[in-house]
file model31.pdb (PDB, C-alpha atoms, pLDDT in the B column)
ATOM      1  CA  MET A   1     162.504 130.176 143.519  1.00 45.00           C
ATOM      2  CA  ILE A   2     161.181 133.636 144.343  1.00 45.00           C
ATOM      3  CA  LYS A   3     162.627 135.006 141.109  1.00 45.00           C
ATOM      4  CA  SER A   4     160.735 132.419 139.007  1.00 45.00           C
ATOM      5  CA  ALA A   5     157.502 133.241 140.860  1.00 44.00           C
ATOM      6  CA  PHE A   6     157.918 136.916 139.932  1.00 42.00           C
ATOM      7  CA  LEU A   7     158.685 136.035 136.334  1.00 42.00           C
ATOM      8  CA  SER A   8     155.534 133.947 136.035  1.00 43.00           C
ATOM      9  CA  ALA A   9     153.272 136.578 137.637  1.00 39.00           C
ATOM     10  CA  PRO A  10     152.958 138.638 134.408  1.00 41.00           C
ATOM     11  CA  LEU A  11     152.174 135.477 132.471  1.00 37.00           C
ATOM     12  CA  LEU A  12     149.545 134.458 135.021  1.00 33.00           C
ATOM     13  CA  SER A  13     148.015 137.957 134.931  1.00 34.00           C
ATOM     14  CA  MET A  14     147.857 137.831 131.146  1.00 37.00           C
ATOM     15  CA  LEU A  15     146.161 134.430 131.186  1.00 37.00           C
ATOM     16  CA  LEU A  16     143.618 135.565 133.770  1.00 34.00           C
ATOM     17  CA  PHE A  17     142.898 138.725 131.771  1.00 38.00           C
ATOM     18  CA  PHE A  18     142.320 136.637 128.646  1.00 44.00           C
ATOM     19  CA  ALA A  19     140.041 134.196 130.469  1.00 43.00           C
ATOM     20  CA  VAL A  20     137.926 137.047 131.788  1.00 38.00           C
ATOM     21  CA  SER A  21     137.887 139.041 128.548  1.00 44.00           C
ATOM     22  CA  CYS A  22     137.020 136.099 126.312  1.00 47.00           C
ATOM     23  CA  SER A  23     134.170 134.703 128.315  1.00 46.00           C
ATOM     24  CA  SER A  24     131.486 136.612 130.088  1.00 48.00           C
ATOM     25  CA  GLN A  25     129.840 133.440 131.336  1.00 64.00           C
ATOM     26  CA  GLU A  26     129.995 129.668 131.446  1.00 84.00           C
ATOM     27  CA  PRO A  27     129.605 127.962 128.065  1.00 92.00           C
ATOM     28  CA  LEU A  28     126.007 127.660 126.913  1.00 95.00           C
ATOM     29  CA  GLN A  29     124.446 124.836 124.931  1.00 96.00           C
ATOM     30  CA  GLY A  30     121.901 125.272 122.184  1.00 97.00           C
ATOM     31  CA  GLU A  31     120.656 124.343 118.751  1.00 97.00           C
ATOM     32  CA  VAL A  32     121.410 126.443 115.680  1.00 98.00           C
ATOM     33  CA  ILE A  33     117.982 127.249 114.288  1.00 97.00           C
ATOM     34  CA  ARG A  34     119.043 129.682 111.565  1.00 98.00           C
ATOM     35  CA  VAL A  35     122.147 130.727 109.663  1.00 98.00           C
ATOM     36  CA  THR A  36     121.787 134.320 108.483  1.00 96.00           C
ATOM     37  CA  ASP A  37     125.127 134.568 106.661  1.00 96.00           C
ATOM     38  CA  GLY A  38     128.656 133.191 106.751  1.00 97.00           C
ATOM     39  CA  ASP A  39     129.448 134.609 110.182  1.00 97.00           C
ATOM     40  CA  THR A  40     126.111 134.904 112.025  1.00 97.00           C
ATOM     41  CA  VAL A  41     123.759 132.286 113.448  1.00 98.00           C
ATOM     42  CA  ILE A  42     120.659 132.249 115.625  1.00 97.00           C
ATOM     43  CA  ILE A  43     120.716 129.702 118.421  1.00 97.00           C
ATOM     44  CA  GLU A  44     117.927 128.443 120.649  1.00 96.00           C
ATOM     45  CA  VAL A  45     119.809 128.430 123.940  1.00 95.00           C
ATOM     46  CA  ASP A  46     118.716 125.614 126.278  1.00 88.00           C
ATOM     47  CA  LYS A  47     119.585 127.281 129.576  1.00 79.00           C
ATOM     48  CA  LEU A  48     118.116 130.691 128.707  1.00 78.00           C
ATOM     49  CA  LYS A  49     115.010 129.345 126.946  1.00 84.00           C
ATOM     50  CA  LYS A  50     115.423 132.062 124.357  1.00 91.00           C
ATOM     51  CA  LYS A  51     117.015 132.804 121.005  1.00 96.00           C
ATOM     52  CA  MET A  52     120.467 134.321 120.801  1.00 95.00           C
ATOM     53  CA  THR A  53     121.985 135.914 117.705  1.00 97.00           C
ATOM     54  CA  CYS A  54     125.693 135.107 117.570  1.00 98.00           C
ATOM     55  CA  ARG A  55     128.291 136.883 115.455  1.00 97.00           C
ATOM     56  CA  LEU A  56     131.222 134.488 115.110  1.00 98.00           C
ATOM     57  CA  TYR A  57     134.291 135.864 116.864  1.00 98.00           C
ATOM     58  CA  GLY A  58     137.474 136.516 114.925  1.00 97.00           C
ATOM     59  CA  ILE A  59     136.182 135.988 111.398  1.00 98.00           C
ATOM     60  CA  ASP A  60     134.507 138.010 108.676  1.00 97.00           C
ATOM     61  CA  SER A  61     132.762 136.416 105.710  1.00 97.00           C
ATOM     62  CA  PRO A  62     131.762 138.004 102.394  1.00 97.00           C
ATOM     63  CA  GLU A  63     128.859 140.454 102.681  1.00 94.00           C
ATOM     64  CA  ASN A  64     125.361 139.443 101.569  1.00 91.00           C
ATOM     65  CA  PRO A  65     123.388 141.795  99.326  1.00 89.00           C
ATOM     66  CA  ARG A  66     121.168 144.224 101.249  1.00 84.00           C
ATOM     67  CA  LYS A  67     118.541 146.781 100.311  1.00 83.00           C
ATOM     68  CA  ASN A  68     119.886 148.617  97.268  1.00 81.00           C
ATOM     69  CA  ARG A  69     123.383 147.313  98.038  1.00 83.00           C
ATOM     70  CA  LYS A  70     125.235 144.706  96.078  1.00 87.00           C
ATOM     71  CA  GLY A  71     126.828 141.758  97.835  1.00 89.00           C
ATOM     72  CA  GLN A  72     130.193 140.104  97.482  1.00 93.00           C
ATOM     73  CA  PRO A  73     131.182 137.009  95.564  1.00 93.00           C
ATOM     74  CA  TYR A  74     131.028 133.894  97.756  1.00 96.00           C
ATOM     75  CA  SER A  75     128.585 135.452 100.252  1.00 96.00           C
ATOM     76  CA  SER A  76     125.872 132.860  99.586  1.00 96.00           C
ATOM     77  CA  LYS A  77     128.431 130.035  99.454  1.00 97.00           C
ATOM     78  CA  ALA A  78     129.812 131.107 102.850  1.00 98.00           C
ATOM     79  CA  GLY A  79     126.303 131.042 104.317  1.00 97.00           C
ATOM     80  CA  GLN A  80     125.648 127.631 102.764  1.00 98.00           C
ATOM     81  CA  GLU A  81     128.903 126.265 104.195  1.00 98.00           C
ATOM     82  CA  LEU A  82     128.106 127.493 107.699  1.00 98.00           C
ATOM     83  CA  LYS A  83     124.626 126.016 107.334  1.00 98.00           C
ATOM     84  CA  ARG A  84     126.128 122.630 106.391  1.00 98.00           C
ATOM     85  CA  LEU A  85     128.379 122.826 109.444  1.00 98.00           C
ATOM     86  CA  VAL A  86     125.859 123.745 112.138  1.00 98.00           C
ATOM     87  CA  HIS A  87     122.226 124.220 111.092  1.00 98.00           C
ATOM     88  CA  GLY A  88     119.885 122.087 113.184  1.00 97.00           C
ATOM     89  CA  GLN A  89     122.772 120.898 115.332  1.00 97.00           C
ATOM     90  CA  ASP A  90     123.697 121.276 118.975  1.00 97.00           C
ATOM     91  CA  VAL A  91     126.616 123.588 119.674  1.00 98.00           C
ATOM     92  CA  GLU A  92     128.465 125.085 122.612  1.00 97.00           C
ATOM     93  CA  ILE A  93     128.591 128.866 122.814  1.00 97.00           C
ATOM     94  CA  VAL A  94     131.094 131.030 124.666  1.00 96.00           C
ATOM     95  CA  THR A  95     130.426 134.754 124.497  1.00 95.00           C
ATOM     96  CA  THR A  96     133.238 137.283 124.557  1.00 94.00           C
ATOM     97  CA  GLY A  97     131.052 139.810 126.352  1.00 93.00           C
ATOM     98  CA  GLU A  98     131.100 142.056 123.296  1.00 94.00           C
ATOM     99  CA  LYS A  99     128.144 142.957 121.098  1.00 94.00           C
ATOM    100  CA  THR A 100     128.044 144.238 117.547  1.00 91.00           C
ATOM    101  CA  HIS A 101     124.889 145.409 115.775  1.00 90.00           C
ATOM    102  CA  GLY A 102     122.734 143.738 118.454  1.00 91.00           C
ATOM    103  CA  ARG A 103     124.534 140.402 118.149  1.00 94.00           C
ATOM    104  CA  ASP A 104     126.570 138.662 120.834  1.00 96.00           C
ATOM    105  CA  VAL A 105     130.123 137.951 119.695  1.00 97.00           C
ATOM    106  CA  CYS A 106     130.660 134.214 120.239  1.00 97.00           C
ATOM    107  CA  ILE A 107     133.024 131.328 119.811  1.00 97.00           C
ATOM    108  CA  ILE A 108     130.993 128.343 118.702  1.00 98.00           C
ATOM    109  CA  THR A 109     132.128 124.755 118.940  1.00 98.00           C
ATOM    110  CA  LYS A 110     130.488 121.593 117.685  1.00 98.00           C
ATOM    111  CA  GLU A 111     131.733 118.306 119.091  1.00 97.00           C
ATOM    112  CA  GLY A 112     135.018 120.001 120.031  1.00 96.00           C
ATOM    113  CA  MET A 113     135.515 121.667 116.628  1.00 98.00           C
ATOM    114  CA  ASP A 114     135.959 125.463 116.601  1.00 98.00           C
ATOM    115  CA  VAL A 115     133.334 126.394 113.996  1.00 98.00           C
ATOM    116  CA  ASN A 116     134.716 129.925 113.598  1.00 98.00           C
ATOM    117  CA  LEU A 117     138.158 128.547 112.739  1.00 98.00           C
ATOM    118  CA  GLU A 118     136.643 125.909 110.467  1.00 98.00           C
ATOM    119  CA  MET A 119     135.034 128.614 108.296  1.00 98.00           C
ATOM    120  CA  VAL A 120     138.467 130.177 107.813  1.00 98.00           C
ATOM    121  CA  LYS A 121     140.067 126.775 107.123  1.00 98.00           C
ATOM    122  CA  ARG A 122     137.488 126.051 104.418  1.00 98.00           C
ATOM    123  CA  GLY A 123     138.133 129.405 102.760  1.00 98.00           C
ATOM    124  CA  TYR A 124     134.774 131.040 103.483  1.00 98.00           C
ATOM    125  CA  ALA A 125     135.938 133.733 105.911  1.00 98.00           C
ATOM    126  CA  TRP A 126     138.873 135.982 106.612  1.00 98.00           C
ATOM    127  CA  ALA A 127     140.683 135.953 109.924  1.00 97.00           C
ATOM    128  CA  TYR A 128     139.416 139.288 111.267  1.00 96.00           C
ATOM    129  CA  ARG A 129     142.823 140.565 112.372  1.00 94.00           C
ATOM    130  CA  LYS A 130     141.474 143.835 113.746  1.00 92.00           C
ATOM    131  CA  HIS A 131     139.484 141.950 116.398  1.00 89.00           C
ATOM    132  CA  LEU A 132     141.564 138.812 116.991  1.00 94.00           C
ATOM    133  CA  LYS A 133     143.406 138.233 120.244  1.00 93.00           C
ATOM    134  CA  SER A 134     145.673 135.454 121.475  1.00 90.00           C
ATOM    135  CA  PRO A 135     145.478 132.510 121.434  1.00 88.00           C
ATOM    136  CA  TYR A 136     143.135 132.668 118.445  1.00 94.00           C
ATOM    137  CA  ALA A 137     145.061 135.154 116.290  1.00 96.00           C
ATOM    138  CA  SER A 138     147.946 132.944 115.187  1.00 96.00           C
ATOM    139  CA  GLU A 139     145.758 129.897 114.562  1.00 97.00           C
ATOM    140  CA  TYR A 140     143.122 131.795 112.554  1.00 98.00           C
ATOM    141  CA  ILE A 141     145.710 133.725 110.513  1.00 97.00           C
ATOM    142  CA  SER A 142     147.631 130.520 109.795  1.00 98.00           C
ATOM    143  CA  ALA A 143     144.396 128.833 108.669  1.00 98.00           C
ATOM    144  CA  GLU A 144     143.632 131.754 106.353  1.00 98.00           C
ATOM    145  CA  ASN A 145     147.102 131.598 104.819  1.00 97.00           C
ATOM    146  CA  LYS A 146     146.754 127.853 104.224  1.00 98.00           C
ATOM    147  CA  ALA A 147     143.276 128.207 102.660  1.00 98.00           C
ATOM    148  CA  ARG A 148     144.633 131.019 100.466  1.00 97.00           C
ATOM    149  CA  SER A 149     147.632 128.961  99.305  1.00 97.00           C
ATOM    150  CA  GLN A 150     145.334 126.009  98.511  1.00 97.00           C
ATOM    151  CA  GLY A 151     142.809 128.181  96.639  1.00 97.00           C
ATOM    152  CA  LEU A 152     139.903 127.110  98.820  1.00 98.00           C
ATOM    153  CA  GLY A 153     136.510 128.834  98.802  1.00 97.00           C
ATOM    154  CA  LEU A 154     136.773 132.579  98.221  1.00 97.00           C
ATOM    155  CA  TRP A 155     140.516 132.165  97.655  1.00 97.00           C
ATOM    156  CA  GLN A 156     139.703 130.758  94.216  1.00 96.00           C
ATOM    157  CA  ASP A 157     139.719 134.452  93.251  1.00 93.00           C
ATOM    158  CA  SER A 158     143.225 135.840  92.955  1.00 87.00           C
ATOM    159  CA  ASN A 159     142.695 138.800  95.273  1.00 89.00           C
ATOM    160  CA  PRO A 160     139.273 138.856  96.964  1.00 95.00           C
ATOM    161  CA  LEU A 161     138.277 142.063  98.697  1.00 94.00           C
ATOM    162  CA  PRO A 162     137.866 141.714 102.483  1.00 95.00           C
ATOM    163  CA  PRO A 163     134.355 142.601 103.744  1.00 93.00           C
ATOM    164  CA  TRP A 164     135.539 145.610 105.751  1.00 90.00           C
ATOM    165  CA  GLU A 165     137.161 147.026 102.595  1.00 92.00           C
ATOM    166  CA  PHE A 166     134.140 146.114 100.460  1.00 90.00           C
ATOM    167  CA  LYS A 167     131.781 148.005 102.798  1.00 85.00           C
ATOM    168  CA  ARG A 168     134.063 151.037 102.860  1.00 86.00           C
ATOM    169  CA  ARG A 169     134.339 151.154  99.059  1.00 85.00           C
ATOM    170  CA  HIS A 170     130.805 150.228  98.044  1.00 81.00           C
ATOM    171  CA  TRP A 171     128.426 150.942 100.920  1.00 74.00           C
ATOM    172  CA  ASN A 172     129.893 153.943 102.711  1.00 76.00           C
ATOM    173  CA  LYS A 173     129.989 156.366  99.797  1.00 61.00           C
TER     174      LYS A 173
END
call {"tool": "encode", "arguments": {"input": "model31.pdb", "output": "C-alpha cells"}}
result
Amino acid sequence: MIKSAFLSAPLLSMLLFFAVSCSSQEPLQGEVIRVTDGDTVIIEVDKLKKKMTCRLYGIDSPENPRKNRKGQPYSSKAGQELKRLVHGQDVEIVTTGEKTHGRDVCIITKEGMDVNLEMVKRGYAWAYRKHLKSPYASEYISAENKARSQGLGLWQDSNPLPPWEFKRRHWNK
C-alpha cells in the first residue's frame, strides 16, 4: 500500500503542475467580438467588463500579410474559418498565464468543443509543437496528421510552409 502511494506521488505532482501551469485563473465567459486571424480573437469578457485579446494555445495558423510583408496561402481562409466557428458567439476562456505580443495565450471552448483543436482538425492551423504540452500535444498532433492525410484546408498544398518557418525565411531577412 505504501509503495503504491509513493509510485503515484510523481504522477500526482505532475498533474498538479499541469493544472497550475495551464490555468492562471478560473475559466472566463465572454463573446467573441472580433477575429483578427486564424489563431487570434478579441473577446468581450463578462466578468472583467473589458476586452481581452486571446492567442489560441498550441496552434499556429498561416500568417496574414502585414505592412510591406507578404502573407501565406490560406491565411484569409484560416481567419474566415475561425470567424465561422466563434464570431459573435459565447465562449469559455482558460488562460495559460503566458502572454505573447501583448496577447493572452488561451484555450477557448464553445459548447464543450476545443476551438483550438478544431482549427487543427479542419486543416487551418498547425499543431504548434514547440509550445504544446500534455495532454494537448498528442491530440493536436494527431489531429494535424489526420487533416494532412485527408488534404483538408492548407493541407491541400503538398508541403505548406509552417508560419514560424515562413517568418524566418521571408520576414526576418
call {"tool": "closest_residue", "arguments": {"input": "model31.pdb", "among": "A:Gly112, A:Gln156, A:Val45, A:Leu117", "to": "A:Glu139", "atoms": "all atoms listed in the file"}}
result
A:Leu117
call {"tool": "closest_residue", "arguments": {"input": "model31.pdb", "among": "A:Asn116, A:Gln89, A:Thr96, A:Asn64", "to": "A:Glu144", "atoms": "all atoms listed in the file"}}
result
A:Asn116
call {"tool": "atom_distance", "arguments": {"input": "model31.pdb", "atom1": "atom CA of A:Trp126", "atom2": "atom CA of A:Glu26"}}
result
27.1 Å
call {"tool": "atom_distance", "arguments": {"input": "model31.pdb", "atom1": "atom CA of A:Ser61", "atom2": "atom CA of A:Glu98"}}
result
18.5 Å
call {"tool": "residues_around", "arguments": {"input": "model31.pdb", "residues": "A:Pro62", "least_positions_apart": "4", "cutoff": "7 Å", "atoms": "all atoms listed in the file", "output": "VMD selection string"}}
result
chain A and resid 72 to 75 125 163
call {"tool": "residues_around", "arguments": {"input": "model31.pdb", "residues": "A:Trp171", "least_positions_apart": "6", "cutoff": "12 Å", "atoms": "all atoms listed in the file", "output": "number ranges by chain"}}
result
A: 63-72, 163-165
call {"tool": "resolve_selection", "arguments": {"input": "model31.pdb", "expression": "the PyMOL selection byres ((chain A and resi 29-38) around 9)", "output": "MDAnalysis selection string"}}
result
chainID A and resid 27:28 39:47 51 56 60:64 75:83 86:93 119 124:125
call {"tool": "residues_near_point", "arguments": {"input": "model31.pdb", "point": "(131.2, 135.6, 116.4)", "cutoff": "8 Å", "atoms": "all atoms listed in the file", "output": "PyMOL selection string"}}
result
chain A and resi 39-40+54-59+104-108+116
call {"tool": "build_atoms", "arguments": {"input": "model31.pdb", "residues": "stretch 44-55 of chain A", "atoms": "N, CA and C atoms", "output": "PDB file, in the coordinates of the input"}}
result
ATOM      1  N   GLU A  44     118.893 128.638 119.572  1.00 96.00           N
ATOM      2  CA  GLU A  44     117.927 128.443 120.649  1.00 96.00           C
ATOM      3  C   GLU A  44     118.739 127.916 121.821  1.00 96.00           C
ATOM      4  N   VAL A  45     118.943 128.771 122.817  1.00 95.00           N
ATOM      5  CA  VAL A  45     119.809 128.430 123.940  1.00 95.00           C
ATOM      6  C   VAL A  45     119.001 127.692 125.009  1.00 95.00           C
ATOM      7  N   ASP A  46     119.428 126.469 125.328  1.00 88.00           N
ATOM      8  CA  ASP A  46     118.716 125.614 126.278  1.00 88.00           C
ATOM      9  C   ASP A  46     118.509 126.291 127.624  1.00 88.00           C
ATOM     10  N   LYS A  47     119.595 126.741 128.223  1.00 79.00           N
ATOM     11  CA  LYS A  47     119.585 127.281 129.576  1.00 79.00           C
ATOM     12  C   LYS A  47     118.754 128.561 129.692  1.00 79.00           C
ATOM     13  N   LEU A  48     118.803 129.398 128.669  1.00 78.00           N
ATOM     14  CA  LEU A  48     118.116 130.691 128.707  1.00 78.00           C
ATOM     15  C   LEU A  48     116.681 130.608 128.212  1.00 78.00           C
ATOM     16  N   LYS A  49     116.342 129.512 127.540  1.00 84.00           N
ATOM     17  CA  LYS A  49     115.010 129.345 126.946  1.00 84.00           C
ATOM     18  C   LYS A  49     114.656 130.514 126.029  1.00 84.00           C
ATOM     19  N   LYS A  50     115.664 130.988 125.311  1.00 91.00           N
ATOM     20  CA  LYS A  50     115.423 132.062 124.357  1.00 91.00           C
ATOM     21  C   LYS A  50     116.396 131.958 123.200  1.00 91.00           C
ATOM     22  N   LYS A  51     116.151 132.772 122.174  1.00 96.00           N
ATOM     23  CA  LYS A  51     117.015 132.804 121.005  1.00 96.00           C
ATOM     24  C   LYS A  51     118.137 133.814 121.228  1.00 96.00           C
ATOM     25  N   MET A  52     119.293 133.476 120.676  1.00 95.00           N
ATOM     26  CA  MET A  52     120.467 134.321 120.801  1.00 95.00           C
ATOM     27  C   MET A  52     121.090 134.457 119.410  1.00 95.00           C
ATOM     28  N   THR A  53     121.322 135.687 118.981  1.00 97.00           N
ATOM     29  CA  THR A  53     121.985 135.914 117.705  1.00 97.00           C
ATOM     30  C   THR A  53     123.475 136.042 117.976  1.00 97.00           C
ATOM     31  N   CYS A  54     124.247 135.167 117.347  1.00 98.00           N
ATOM     32  CA  CYS A  54     125.693 135.107 117.570  1.00 98.00           C
ATOM     33  C   CYS A  54     126.462 135.505 116.318  1.00 98.00           C
ATOM     34  N   ARG A  55     127.324 136.485 116.483  1.00 97.00           N
ATOM     35  CA  ARG A  55     128.291 136.883 115.455  1.00 97.00           C
ATOM     36  C   ARG A  55     129.563 136.118 115.777  1.00 97.00           C
TER      37      ARG A  55
END
